[in-house]
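Engineer: I have a structure here, written as structure tokens, and I will follow up with some questions on it.
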Amino acid sequence: MDTLLNNLDVFVDGFALTIQVFLWSALFALILGTVVGAMRVSPVAPMRAVGTGYVNLVRNTPLTLLMFFFAFGYPKLDLPSVSYTTLSIFALSLYSATYVAETLRAGINTVPLGQAEAARAIGLTFGQSMSQILMPQAFRAVIPPMMSVFIALLKNTTVAAGFSVAEAGAIRATLSERGEPAIVVLLWVALLFVLLVAILSFVQRKLENGLKVLR
Amino acid sequence: MEPTDSSPATSNITVRRGEPLVVVKDINKHYGELHVLKNINAVVNRGEVVVVIGPSGSGKSTLCRAINRLETIDDGVITIDGVKLPEEGKALARLRADVGMVFQAFNLFAHKTVLDNVTLGPIKVRGLSKADAEKKAMALLERVGVANQAGKMPSQLSGGQQQRVAIARALAMEPKLILLDEPTSALDPEMINEVLEVMVDLANEGMTMIVVTHEMGFARKAADRVIFMAEGEIVEESSPEDFFTNPQSARAQDFLSKILDH
């Protein structure tokens, strides 16, 4: 307990940054993933190809490598310089979006074909069918696996610690300089992650009950 | 438009009452080896109610679905109100908005209330305001007898009620014609009549309808013409009375003996 209380500042700062990185990445991953998921079921072949190419390329790249590209590749480009935190959000968003897209695609496949046909029959365009009929039902169908994607994202934020982002994964390194026992620190970090995940699970249950589609 | 026109729905139809609204010319469709539509030719005039009947696998549903291009065709031409069916994209969506469709499985949007099911098309496709769309939807739900269910989800309704909502949803678009693909085949017997009554009313009001059904009562009461299909071909075409009492082809006689003898 002393380990936690004596270094509360480090824990609070670390987890605050973790939550910040998580929320931004989750938001961007959700938006990008939805667009890519829609592209992957598009009737237009080039759209499907781009979607598939993106998913296969990024999902098959280890997150650490992706972070490397952003942390060391991006600053070499002639672009406005941004913080490592922002770059890690980019990497996490791009990476998680592929999982969001694939989860959503699975969800779209659970929506009965008749729903799409009825949408087309009243004159909705592909985009309208997607946004009005298919995506809302697909989202509801994939809440549990989608939450798993976000839980993975939450834990993946710790990879950013390796790139000078002082989030929760970096707490151990900081505290070992203060001479705290590493194992105890790690246990506290783990416990706090479990707590955060528990919150996400709670949100998941709420969403599942609130948005159930009865057939 | 002639003053005698009492059509309940669209005022934007180009062809006049009694003139060809749907023209199907030399269409063919294959599912792999299977030739499901064999050189089909048919004309449905504005205001006409045509019943398409035939054994399962005869291609009748495929023909019905081809008319708003839920099924593609290999060759041939389908025109609706003088316009060739567009292949895809926005033009096709526009055309579909003018062609109502009622499905065997109702296909109400499962995550939307009854009212939202009916207002979605008018708001998103026709550009109506929410208030106008809801007013119109309530009138239509009233007409098909389910106005008191407007706030419920589709799964809370009986099959007959769902199908009536589906008809209201199609009517809300003010379609030029309505396609009904076996609208009563998924219903319990005691719910068939409530749907058929709505369909008969619609027919009496001058709506152009193409109905794939085995309901002979409906065909006798409301249809102008019966098209009998078998194995992908139109075998016989006649008035309902002639068809049911005096079928010409052996296949129609055989089919009728099977569905009448019980």
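Here's how to read the names in the structure tokens: chain A, B, ... by the order shown, residue numbers from 1 in each chain, ligand numbers from 1 in the order shown.
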Compile the residues of chain B that lie within 6 Å of chain A, evaluated using only C-alpha atoms, and express the compilation as an NGL selection string.
Structural biologist: :B and (93-94 or 96-97 or 107 or 111 or 121 or 155)
Engineer: Keeping only N, CA and C atoms, write the selected residues as an mmCIF file, in the first residue's frame.
Structural biologist:
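The resulting file, again.cif, is shown below:
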data_model
loop_
_atom_site.group_PDB
_atom_site.id
_atom_site.type_symbol
_atom_site.label_atom_id
_atom_site.label_comp_id
_atom_site.auth_asym_id
_atom_site.auth_seq_id
_atom_site.Cartn_x
_atom_site.Cartn_y
_atom_site.Cartn_z
ATOM 1 N N ALA B 93 -31.391 3.474 -57.086
ATOM 2 C CA ALA B 93 -32.031 3.769 -55.802
ATOM 3 C C ALA B 93 -33.280 4.622 -56.020
ATOM 4 N N ARG B 94 -33.176 5.598 -56.902
ATOM 5 C CA ARG B 94 -34.328 6.458 -57.202
ATOM 6 C C ARG B 94 -35.480 5.646 -57.767
ATOM 7 N N ARG B 96 -36.017 2.450 -57.373
ATOM 8 C CA ARG B 96 -36.576 1.558 -56.357
ATOM 9 C C ARG B 96 -37.512 2.304 -55.416
ATOM 10 N N ALA B 97 -37.216 3.580 -55.200
ATOM 11 C CA ALA B 97 -38.080 4.373 -54.330
ATOM 12 C C ALA B 97 -39.488 4.448 -54.910
ATOM 13 N N ASN B 107 -39.502 -8.381 -43.359
ATOM 14 C CA ASN B 107 -38.266 -7.583 -43.396
ATOM 15 C C ASN B 107 -38.432 -6.176 -42.846
ATOM 16 N N HIS B 111 -34.425 -2.889 -35.705
ATOM 17 C CA HIS B 111 -33.989 -2.003 -34.623
ATOM 18 C C HIS B 111 -34.777 -0.699 -34.601
ATOM 19 N N GLY B 121 -38.027 5.955 -45.143
ATOM 20 C CA GLY B 121 -37.929 6.236 -46.579
ATOM 21 C C GLY B 121 -38.365 7.658 -46.927
ATOM 22 N N SER B 155 -40.683 -6.900 -33.563
ATOM 23 C CA SER B 155 -40.747 -8.239 -32.977
ATOM 24 C C SER B 155 -41.904 -8.386 -31.988
#
Engineer: One decimal, Å: what's the distance from CA of Met229 in chain B over to CA of Ile40 in chain B, could you say?
Structural biologist: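 Separation of CA of Met229 in chain B and CA of Ile40 in chain B: 9.9 Å.
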Engineer: Run DSSP on the backbone and tell me which residues of range 101-220 of chain B come out as helix (DSSP H, G or I); list them as an NGL selection string.
Structural biologist: :B and (114-124 or 130-143 or 147-149 or 154-156 or 159-171 or 189-204 or 216-220)
Engineer: Tell me, as a list in words, which residues lie within 12 Å of Tyr31 in chain B, counting only C-alpha atoms; anything in the same chain fewer than 2 positions away does not count.
Structural biologist: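 Neighbouring residues, sequence-local ones excluded: Asn28, Lys29, Glu33, Leu34, His35, Val36, Leu37, Lys38, Gly57, Gly59, Thr62, Glu71, Thr72, Ile73, Asp74 and Gly232 of chain B.
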